Structure formats: structure tokens, C-alpha cells
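Colleague: Here it is: the structure, laid out below.
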Amino acid sequence: MKKSIFAVTSLLVLLGASAYAQMPITEAEVHQAQKVWGDGIVAIGNAYTNKQDYKALATNHVKTLYAYNKGTVLFKPTKAAVKQFRLTEPEAISYFVTGVEPEDHGFALQPWTKVRFENAGIIIDCDSAIAMGNYFFTDANTGKEAKVEFTFGYVRGADGKLLINVHHSAFPYNPPKAAH
């Protein structure tokens with residue numbers, strides 16, 4: 001096992017970053033990317049609560065987990081109504097911690113103590129992946145979970161890590177109560 005890992009690592013070093021693009025994405029990588037994303041949202045809220053540099057954390061979160069430096073990112077945040085989409089990096093950061101969009105109140109500043117993903121399914125193409133399901137955000141103040149529907153698309157970055165190029169979140173449909 002160690003020899004094969006060494007061989008793959010050595011091959012990637014010899015071939016350079018383009019070799020990462022050739023590597024198929026795995027379900028394990030999608031799960032890991034989801035964990036890192038959720039942990040980042042919790043960390044931003046913790047930094048805000050503890051009067052630390054939460055904006056720097058949010059900036060790093062977006063810069064390292066989203067594919068804005070590779071091209072188009074389609075981002076439809078959960079709590080966006082007036083400006084439904086965040087197609088630039090500054091707009092994505094604004095959604096998480098406020099900033100350039102007046103309607104943004106800082107989704108990551110809630111704060112949350114946990115983010116839990118439940119995938120309905122994952123589709124993997126050789127150079128991209130799509131995951132869809134529900135994720136649950138545990139409110140730090142009440143302990144209650146907020147259920148949100150998601151679809152995330154992933155591509156591989158130059159360093160081999162997955163980057164989000166599609167992020168669509170919405171609260172579940174809540175039909176109006178029938179009048180009696």
C-alpha cells in the first residue's frame with residue numbers, strides 16, 4: 001500500500017498540477033469537501049462570537065473552497081431574495097459575513113455549532129461531481145436544527161482539492177395551510 005501511494009505521489013509531482021485534473025473525483029472527496037465547508041461555517045460564527053477576525057476566515061473560506069479563480073461559480077444562497085445570486089467572490093463573502101449586498105445579514109454569523117450533510121445522491125463525472133440533499137445547521141443559541149436543501153457542484157483545483165462551482169440552497173417548500 002505504501003509503495004503504491006508513493007508511486008502515485010511521485011507521478012503527480014513529476015506531472016505537475018495538470019495531473020490532478022486527470023484524477024477522477026471520489027465520493028470520499030465529496031464527503032470531505034462537505035465536512036470542510038461545514039466546519040468553516042462553524043469556525044466563522046465562533047470567530048464572530050469571540051470577537052476575532054471572522055471576515056478573514058470568511059474570505060479564506062470562499063477563496064479556498066469556491067472556484068471563483070477558475071471561472072464561473074453559480075451561487076444561490078439560502079437567505080437571498082432581492083439579489084438572488086452571488087456570482088462574484090466579494091458577493092459570496094458578503095453573504096456569509098455581510099458586506100457588499102445590503103440584504104446580507106451574515107449567514108455564518110448566526111452562529112451555528114454544527115453542520116451536518118445528508119446526501120440524497122452524488123453524481124460523479126470524471127472531472128466534476130454534483131451532490132444533492134439536505135444539510136442541517138444547529139443554532140448555537142437554541143440547539144435547534146434548521147433544515148436546508150442543497151445542490152453543490154465540485155471541480156478539482158490545481159492543488160487537487162475539490163472546489164465548489166455550483167452552490168444552491170433553499171429552505172424546504174412549506175405549502176400554505178388550507179383554510180377551513
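FYI, nothing fancy with the C-alpha cells labels: chains A, B, ... in order, residues from 1 per chain, ligands from 1 as they appear.
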Residues within 10 Å of Asp39 in chain A, please, as a VMD selection string. Count only C-alpha atoms; anything in the same chain fewer than 3 positions from it doesn't count.
Modeller: chain A and resid 33 to 36 42 to 44 61 112 to 116
Colleague: List every residue of chain A that DSSP, applied to the backbone, labels as strand (DSSP E or B), and write the result as an mmCIF file with N, CA and C atoms, in the first residue's frame.
Modeller:
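Contents of selection.cif, as written:
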data_model
loop_
_atom_site.group_PDB
_atom_site.id
_atom_site.type_symbol
_atom_site.label_atom_id
_atom_site.label_comp_id
_atom_site.auth_asym_id
_atom_site.auth_seq_id
_atom_site.Cartn_x
_atom_site.Cartn_y
_atom_site.Cartn_z
ATOM 1 N N TYR A 66 -14.276 27.713 -2.975
ATOM 2 C CA TYR A 66 -15.080 28.031 -4.161
ATOM 3 C C TYR A 66 -14.156 28.247 -5.357
ATOM 4 N N LEU A 74 -21.767 29.415 -9.777
ATOM 5 C CA LEU A 74 -23.203 29.675 -9.663
ATOM 6 C C LEU A 74 -23.590 29.468 -8.201
ATOM 7 N N PHE A 75 -23.861 30.566 -7.492
ATOM 8 C CA PHE A 75 -24.136 30.512 -6.055
ATOM 9 C C PHE A 75 -25.486 31.157 -5.795
ATOM 10 N N LYS A 76 -26.437 30.350 -5.333
ATOM 11 C CA LYS A 76 -27.767 30.812 -4.927
ATOM 12 C C LYS A 76 -27.889 30.525 -3.441
ATOM 13 N N TRP A 112 -23.628 29.008 14.258
ATOM 14 C CA TRP A 112 -24.008 27.597 14.218
ATOM 15 C C TRP A 112 -22.969 26.784 14.987
ATOM 16 N N THR A 113 -23.406 25.702 15.624
ATOM 17 C CA THR A 113 -22.450 24.837 16.324
ATOM 18 C C THR A 113 -22.095 23.599 15.516
ATOM 19 N N LYS A 114 -22.901 23.303 14.498
ATOM 20 C CA LYS A 114 -22.672 22.086 13.719
ATOM 21 C C LYS A 114 -23.372 22.215 12.378
ATOM 22 N N VAL A 115 -22.758 21.634 11.352
ATOM 23 C CA VAL A 115 -23.391 21.494 10.038
ATOM 24 C C VAL A 115 -23.296 20.016 9.678
ATOM 25 N N ARG A 116 -24.438 19.436 9.374
ATOM 26 C CA ARG A 116 -24.496 18.001 9.068
ATOM 27 C C ARG A 116 -25.120 17.805 7.686
ATOM 28 N N PHE A 117 -24.425 17.116 6.807
ATOM 29 C CA PHE A 117 -24.907 16.843 5.450
ATOM 30 C C PHE A 117 -25.570 15.475 5.385
ATOM 31 N N GLU A 118 -26.690 15.384 4.698
ATOM 32 C CA GLU A 118 -27.319 14.110 4.326
ATOM 33 C C GLU A 118 -27.527 14.148 2.824
ATOM 34 N N ASN A 119 -26.707 13.413 2.109
ATOM 35 C CA ASN A 119 -26.788 13.396 0.656
ATOM 36 C C ASN A 119 -27.925 12.491 0.190
ATOM 37 N N ALA A 120 -28.763 13.010 -0.707
ATOM 38 C CA ALA A 120 -29.755 12.166 -1.368
ATOM 39 C C ALA A 120 -29.057 11.361 -2.453
ATOM 40 N N GLY A 121 -28.020 11.964 -3.024
ATOM 41 C CA GLY A 121 -27.243 11.289 -4.050
ATOM 42 C C GLY A 121 -26.061 12.125 -4.474
ATOM 43 N N ILE A 122 -25.099 11.443 -5.070
ATOM 44 C CA ILE A 122 -23.905 12.086 -5.605
ATOM 45 C C ILE A 122 -23.690 11.522 -7.003
ATOM 46 N N ILE A 123 -23.506 12.417 -7.962
ATOM 47 C CA ILE A 123 -23.194 12.012 -9.333
ATOM 48 C C ILE A 123 -21.755 12.432 -9.604
ATOM 49 N N ILE A 124 -20.963 11.482 -10.073
ATOM 50 C CA ILE A 124 -19.569 11.782 -10.370
ATOM 51 C C ILE A 124 -19.316 11.581 -11.850
ATOM 52 N N ASP A 125 -18.810 12.636 -12.470
ATOM 53 C CA ASP A 125 -18.322 12.580 -13.840
ATOM 54 C C ASP A 125 -16.806 12.627 -13.690
ATOM 55 N N SER A 128 -15.860 16.241 -12.618
ATOM 56 C CA SER A 128 -16.766 17.022 -11.783
ATOM 57 C C SER A 128 -17.669 16.088 -10.980
ATOM 58 N N ALA A 129 -18.311 16.679 -9.978
ATOM 59 C CA ALA A 129 -19.253 15.911 -9.159
ATOM 60 C C ALA A 129 -20.377 16.838 -8.732
ATOM 61 N N ILE A 130 -21.539 16.267 -8.507
ATOM 62 C CA ILE A 130 -22.692 17.010 -8.006
ATOM 63 C C ILE A 130 -23.268 16.221 -6.837
ATOM 64 N N ALA A 131 -23.507 16.920 -5.735
ATOM 65 C CA ALA A 131 -24.148 16.305 -4.571
ATOM 66 C C ALA A 131 -25.423 17.075 -4.283
ATOM 67 N N MET A 132 -26.484 16.352 -3.924
ATOM 68 C CA MET A 132 -27.759 16.977 -3.603
ATOM 69 C C MET A 132 -28.332 16.293 -2.374
ATOM 70 N N GLY A 133 -28.988 17.074 -1.530
ATOM 71 C CA GLY A 133 -29.615 16.518 -0.346
ATOM 72 C C GLY A 133 -30.055 17.608 0.598
ATOM 73 N N ASN A 134 -29.992 17.299 1.878
ATOM 74 C CA ASN A 134 -30.318 18.271 2.922
ATOM 75 C C ASN A 134 -29.088 18.465 3.785
ATOM 76 N N TYR A 135 -28.909 19.701 4.238
ATOM 77 C CA TYR A 135 -27.940 19.893 5.296
ATOM 78 C C TYR A 135 -28.628 20.592 6.437
ATOM 79 N N PHE A 136 -28.121 20.307 7.628
ATOM 80 C CA PHE A 136 -28.776 20.741 8.850
ATOM 81 C C PHE A 136 -27.796 21.613 9.632
ATOM 82 N N PHE A 137 -28.259 22.799 10.004
ATOM 83 C CA PHE A 137 -27.445 23.760 10.737
ATOM 84 C C PHE A 137 -27.982 23.830 12.161
ATOM 85 N N THR A 138 -27.130 23.537 13.147
ATOM 86 C CA THR A 138 -27.546 23.581 14.541
ATOM 87 C C THR A 138 -27.291 24.976 15.092
ATOM 88 N N ASP A 139 -28.384 25.647 15.513
ATOM 89 C CA ASP A 139 -28.321 27.004 16.049
ATOM 90 C C ASP A 139 -27.632 26.982 17.411
ATOM 91 N N GLU A 145 -32.134 22.461 14.964
ATOM 92 C CA GLU A 145 -31.575 22.314 13.625
ATOM 93 C C GLU A 145 -32.466 23.013 12.602
ATOM 94 N N ALA A 146 -31.823 23.728 11.685
ATOM 95 C CA ALA A 146 -32.515 24.295 10.527
ATOM 96 C C ALA A 146 -32.190 23.397 9.336
ATOM 97 N N LYS A 147 -33.242 22.886 8.703
ATOM 98 C CA LYS A 147 -33.067 22.005 7.548
ATOM 99 C C LYS A 147 -33.051 22.862 6.283
ATOM 100 N N VAL A 148 -32.038 22.643 5.452
ATOM 101 C CA VAL A 148 -31.889 23.379 4.204
ATOM 102 C C VAL A 148 -31.594 22.381 3.092
ATOM 103 N N GLU A 149 -32.219 22.570 1.939
ATOM 104 C CA GLU A 149 -31.946 21.729 0.781
ATOM 105 C C GLU A 149 -30.743 22.303 0.038
ATOM 106 N N PHE A 150 -29.907 21.427 -0.504
ATOM 107 C CA PHE A 150 -28.718 21.909 -1.210
ATOM 108 C C PHE A 150 -28.445 21.111 -2.465
ATOM 109 N N THR A 151 -27.775 21.761 -3.395
ATOM 110 C CA THR A 151 -27.092 21.129 -4.511
ATOM 111 C C THR A 151 -25.739 21.817 -4.613
ATOM 112 N N PHE A 152 -24.666 21.048 -4.526
ATOM 113 C CA PHE A 152 -23.306 21.566 -4.675
ATOM 114 C C PHE A 152 -22.663 20.868 -5.864
ATOM 115 N N GLY A 153 -21.997 21.644 -6.700
ATOM 116 C CA GLY A 153 -21.191 21.095 -7.787
ATOM 117 C C GLY A 153 -19.729 21.279 -7.436
ATOM 118 N N TYR A 154 -18.908 20.323 -7.822
ATOM 119 C CA TYR A 154 -17.487 20.354 -7.492
ATOM 120 C C TYR A 154 -16.632 20.123 -8.726
ATOM 121 N N VAL A 155 -15.500 20.820 -8.765
ATOM 122 C CA VAL A 155 -14.437 20.580 -9.742
ATOM 123 C C VAL A 155 -13.138 20.490 -8.956
ATOM 124 N N ARG A 156 -12.127 19.955 -9.580
ATOM 125 C CA ARG A 156 -10.843 19.810 -8.903
ATOM 126 C C ARG A 156 -9.990 21.053 -9.148
ATOM 127 N N LEU A 162 -11.051 19.661 -3.983
ATOM 128 C CA LEU A 162 -12.308 19.999 -4.647
ATOM 129 C C LEU A 162 -12.696 21.443 -4.358
ATOM 130 N N LEU A 163 -13.230 22.092 -5.378
ATOM 131 C CA LEU A 163 -13.741 23.457 -5.277
ATOM 132 C C LEU A 163 -15.203 23.465 -5.688
ATOM 133 N N ILE A 164 -15.978 24.311 -5.057
ATOM 134 C CA ILE A 164 -17.412 24.426 -5.353
ATOM 135 C C ILE A 164 -17.583 25.366 -6.539
ATOM 136 N N ASN A 165 -18.283 24.875 -7.579
ATOM 137 C CA ASN A 165 -18.613 25.742 -8.703
ATOM 138 C C ASN A 165 -20.123 25.933 -8.854
ATOM 139 N N VAL A 166 -20.896 25.167 -8.104
ATOM 140 C CA VAL A 166 -22.355 25.353 -8.018
ATOM 141 C C VAL A 166 -22.745 25.194 -6.552
ATOM 142 N N HIS A 167 -23.479 26.178 -6.045
ATOM 143 C CA HIS A 167 -23.978 26.126 -4.668
ATOM 144 C C HIS A 167 -25.395 26.681 -4.696
ATOM 145 N N HIS A 168 -26.358 25.803 -4.529
ATOM 146 C CA HIS A 168 -27.767 26.213 -4.492
ATOM 147 C C HIS A 168 -28.355 25.721 -3.181
ATOM 148 N N SER A 169 -28.895 26.643 -2.399
ATOM 149 C CA SER A 169 -29.508 26.292 -1.117
ATOM 150 C C SER A 169 -30.891 26.914 -1.031
ATOM 151 N N ALA A 170 -31.811 26.209 -0.413
ATOM 152 C CA ALA A 170 -33.172 26.720 -0.238
ATOM 153 C C ALA A 170 -33.819 26.033 0.955
#
Colleague: One decimal, Å: what's the distance from CA of Ala81 in chain A over to CA of Phe171 in chain A, could you say?
Modeller: 12.2 Å
Colleague: Restricting the calculation to only C-alpha atoms: of A:Val30, A:Met23, A:Ala140, A:Val73, which residue gets closest to Thr88 in chain A?
Modeller: A:Val73
Colleague: Report the distance between CA of His31 in chain A and CA of Lys79 in chain A in Å, rounded to one decimal place.
Modeller: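 Computing the Euclidean distance for CA of His31 in chain A and CA of Lys79 in chain A yields 23.9 Å.
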Colleague: Output as a tab-separated table (two decimals) with N, CA and C atoms, in the first residue's frame all residues of chain A that backbone DSSP marks as helix (DSSP H, G or I).
Modeller:
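And here's part03.tsv as it stands now:
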chain	number	residue	atom	x	y	z
A	2	LYS	N	1.89	1.29	0.88
A	2	LYS	CA	2.76	2.47	0.96
A	2	LYS	C	3.49	2.70	-0.35
A	3	LYS	N	3.91	1.61	-1.02
A	3	LYS	CA	4.61	1.75	-2.29
A	3	LYS	C	3.70	2.36	-3.35
A	4	SER	N	2.43	1.94	-3.40
A	4	SER	CA	1.52	2.48	-4.42
A	4	SER	C	1.20	3.95	-4.15
A	5	ILE	N	1.05	4.33	-2.87
A	5	ILE	CA	0.82	5.74	-2.55
A	5	ILE	C	2.03	6.56	-2.95
A	6	PHE	N	3.24	6.04	-2.65
A	6	PHE	CA	4.47	6.74	-3.03
A	6	PHE	C	4.55	6.88	-4.55
A	7	ALA	N	4.21	5.82	-5.27
A	7	ALA	CA	4.28	5.85	-6.73
A	7	ALA	C	3.32	6.89	-7.30
A	8	VAL	N	2.09	6.93	-6.79
A	8	VAL	CA	1.11	7.90	-7.26
A	8	VAL	C	1.57	9.31	-6.92
A	9	THR	N	2.04	9.53	-5.69
A	9	THR	CA	2.53	10.84	-5.28
A	9	THR	C	3.71	11.27	-6.15
A	10	SER	N	4.64	10.36	-6.40
A	10	SER	CA	5.80	10.67	-7.23
A	10	SER	C	5.38	11.02	-8.64
A	11	LEU	N	4.45	10.27	-9.18
A	11	LEU	CA	3.95	10.53	-10.52
A	11	LEU	C	3.31	11.92	-10.60
A	12	LEU	N	2.52	12.28	-9.59
A	12	LEU	CA	1.87	13.59	-9.59
A	12	LEU	C	2.89	14.71	-9.50
A	13	VAL	N	3.93	14.51	-8.72
A	13	VAL	CA	5.00	15.52	-8.62
A	13	VAL	C	5.67	15.69	-9.98
A	14	LEU	N	5.95	14.58	-10.65
A	14	LEU	CA	6.59	14.65	-11.97
A	14	LEU	C	5.69	15.30	-13.01
A	15	LEU	N	4.42	14.98	-12.98
A	15	LEU	CA	3.50	15.51	-13.98
A	15	LEU	C	3.04	16.92	-13.69
A	18	SER	N	-1.32	19.57	-13.59
A	18	SER	CA	-2.26	19.07	-14.60
A	18	SER	C	-2.66	17.63	-14.32
A	19	ALA	N	-1.83	16.91	-13.60
A	19	ALA	CA	-2.17	15.52	-13.27
A	19	ALA	C	-3.38	15.45	-12.36
A	20	TYR	N	-3.54	16.44	-11.48
A	20	TYR	CA	-4.70	16.45	-10.59
A	20	TYR	C	-5.99	16.49	-11.39
A	21	ALA	N	-5.98	17.27	-12.46
A	21	ALA	CA	-7.18	17.41	-13.28
A	21	ALA	C	-7.58	16.07	-13.90
A	22	GLN	N	-6.59	15.19	-14.08
A	22	GLN	CA	-6.86	13.89	-14.68
A	22	GLN	C	-7.44	12.89	-13.68
A	27	GLU	N	-16.31	9.80	-4.15
A	27	GLU	CA	-17.33	10.13	-3.15
A	27	GLU	C	-16.69	10.55	-1.84
A	28	ALA	N	-15.61	9.90	-1.46
A	28	ALA	CA	-14.91	10.25	-0.22
A	28	ALA	C	-14.44	11.71	-0.26
A	29	GLU	N	-13.97	12.15	-1.42
A	29	GLU	CA	-13.54	13.55	-1.55
A	29	GLU	C	-14.72	14.50	-1.42
A	30	VAL	N	-15.87	14.14	-1.96
A	30	VAL	CA	-17.07	14.97	-1.83
A	30	VAL	C	-17.46	15.07	-0.36
A	31	HIS	N	-17.47	13.94	0.34
A	31	HIS	CA	-17.80	13.95	1.77
A	31	HIS	C	-16.81	14.82	2.55
A	32	GLN	N	-15.54	14.72	2.23
A	32	GLN	CA	-14.52	15.52	2.90
A	32	GLN	C	-14.72	17.02	2.61
A	33	ALA	N	-15.02	17.36	1.36
A	33	ALA	CA	-15.27	18.76	0.99
A	33	ALA	C	-16.48	19.30	1.75
A	34	GLN	N	-17.50	18.49	1.93
A	34	GLN	CA	-18.68	18.92	2.68
A	34	GLN	C	-18.32	19.16	4.15
A	35	LYS	N	-17.52	18.28	4.72
A	35	LYS	CA	-17.11	18.44	6.12
A	35	LYS	C	-16.30	19.72	6.29
A	36	VAL	N	-15.36	19.95	5.40
A	36	VAL	CA	-14.53	21.15	5.48
A	36	VAL	C	-15.41	22.41	5.35
A	37	TRP	N	-16.37	22.39	4.43
A	37	TRP	CA	-17.27	23.53	4.25
A	37	TRP	C	-18.06	23.79	5.54
A	38	GLY	N	-18.67	22.75	6.09
A	38	GLY	CA	-19.46	22.90	7.31
A	38	GLY	C	-18.62	23.37	8.49
A	39	ASP	N	-17.44	22.80	8.65
A	39	ASP	CA	-16.54	23.22	9.73
A	39	ASP	C	-16.16	24.69	9.56
A	40	GLY	N	-15.99	25.13	8.32
A	40	GLY	CA	-15.66	26.53	8.06
A	40	GLY	C	-16.77	27.47	8.47
A	41	ILE	N	-18.02	27.10	8.20
A	41	ILE	CA	-19.17	27.93	8.59
A	41	ILE	C	-19.22	28.04	10.12
A	42	VAL	N	-19.01	26.95	10.82
A	42	VAL	CA	-19.00	26.96	12.28
A	42	VAL	C	-17.85	27.84	12.79
A	43	ALA	N	-16.67	27.72	12.20
A	43	ALA	CA	-15.50	28.49	12.63
A	43	ALA	C	-15.72	30.00	12.45
A	44	ILE	N	-16.36	30.38	11.36
A	44	ILE	CA	-16.64	31.81	11.13
A	44	ILE	C	-17.55	32.35	12.23
A	45	GLY	N	-18.61	31.62	12.55
A	45	GLY	CA	-19.52	32.04	13.62
A	45	GLY	C	-18.83	32.10	14.98
A	46	ASN	N	-17.95	31.13	15.25
A	46	ASN	CA	-17.20	31.14	16.51
A	46	ASN	C	-16.29	32.35	16.59
A	47	ALA	N	-15.63	32.67	15.50
A	47	ALA	CA	-14.73	33.83	15.48
A	47	ALA	C	-15.53	35.12	15.71
A	48	TYR	N	-16.70	35.21	15.11
A	48	TYR	CA	-17.56	36.38	15.29
A	48	TYR	C	-17.97	36.52	16.76
A	49	THR	N	-18.43	35.41	17.35
A	49	THR	CA	-18.86	35.40	18.75
A	49	THR	C	-17.71	35.79	19.69
A	54	TYR	N	-13.35	37.32	11.98
A	54	TYR	CA	-14.26	36.44	11.26
A	54	TYR	C	-14.30	36.76	9.76
A	55	LYS	N	-14.06	38.02	9.41
A	55	LYS	CA	-14.09	38.38	7.97
A	55	LYS	C	-12.91	37.74	7.24
A	56	ALA	N	-11.75	37.67	7.88
A	56	ALA	CA	-10.60	37.00	7.27
A	56	ALA	C	-10.90	35.51	7.09
A	57	LEU	N	-11.53	34.90	8.09
A	57	LEU	CA	-11.91	33.49	7.97
A	57	LEU	C	-12.89	33.28	6.82
A	58	ALA	N	-13.87	34.16	6.70
A	58	ALA	CA	-14.86	34.04	5.61
A	58	ALA	C	-14.19	34.22	4.26
A	59	THR	N	-13.29	35.17	4.17
A	59	THR	CA	-12.57	35.39	2.91
A	59	THR	C	-11.77	34.15	2.54
A	60	ASN	N	-11.07	33.58	3.50
A	60	ASN	CA	-10.31	32.35	3.24
A	60	ASN	C	-11.24	31.19	2.88
A	61	HIS	N	-12.38	31.11	3.55
A	61	HIS	CA	-13.38	30.06	3.27
A	61	HIS	C	-13.79	30.11	1.80
A	62	VAL	N	-14.13	31.29	1.33
A	62	VAL	CA	-14.58	31.43	-0.06
A	62	VAL	C	-13.41	31.23	-1.03
A	63	LYS	N	-12.26	31.81	-0.74
A	63	LYS	CA	-11.11	31.70	-1.65
A	63	LYS	C	-10.61	30.27	-1.79
A	64	THR	N	-10.68	29.48	-0.72
A	64	THR	CA	-10.12	28.13	-0.77
A	64	THR	C	-11.14	27.04	-1.09
A	65	LEU	N	-12.43	27.34	-0.95
A	65	LEU	CA	-13.44	26.30	-1.18
A	65	LEU	C	-14.31	26.52	-2.41
A	89	GLU	N	-16.77	36.67	-6.04
A	89	GLU	CA	-16.18	36.33	-4.75
A	89	GLU	C	-16.59	37.32	-3.64
A	90	PRO	N	-16.52	38.65	-3.88
A	90	PRO	CA	-16.96	39.59	-2.84
A	90	PRO	C	-18.43	39.42	-2.45
A	91	GLU	N	-19.28	39.06	-3.40
A	91	GLU	CA	-20.70	38.83	-3.09
A	91	GLU	C	-20.87	37.58	-2.22
A	92	ALA	N	-20.08	36.54	-2.48
A	92	ALA	CA	-20.16	35.33	-1.67
A	92	ALA	C	-19.71	35.61	-0.25
A	93	ILE	N	-18.62	36.33	-0.10
A	93	ILE	CA	-18.13	36.70	1.23
A	93	ILE	C	-19.18	37.53	1.95
A	94	SER	N	-19.79	38.47	1.24
A	94	SER	CA	-20.84	39.31	1.81
A	94	SER	C	-21.99	38.47	2.36
A	95	TYR	N	-22.37	37.44	1.65
A	95	TYR	CA	-23.46	36.59	2.11
A	95	TYR	C	-23.12	35.95	3.45
A	96	PHE	N	-21.91	35.49	3.60
A	96	PHE	CA	-21.53	34.81	4.83
A	96	PHE	C	-21.32	35.75	6.02
A	97	VAL	N	-20.83	36.98	5.77
A	97	VAL	CA	-20.49	37.87	6.89
A	97	VAL	C	-20.93	39.33	6.71
A	107	PHE	N	-24.94	35.00	7.07
A	107	PHE	CA	-25.45	33.66	7.35
A	107	PHE	C	-24.55	32.90	8.33
A	108	ALA	N	-23.23	33.02	8.19
A	108	ALA	CA	-22.32	32.28	9.06
A	108	ALA	C	-22.21	32.89	10.45
A	109	LEU	N	-22.76	34.09	10.64
A	109	LEU	CA	-22.67	34.77	11.93
A	109	LEU	C	-23.78	34.37	12.89
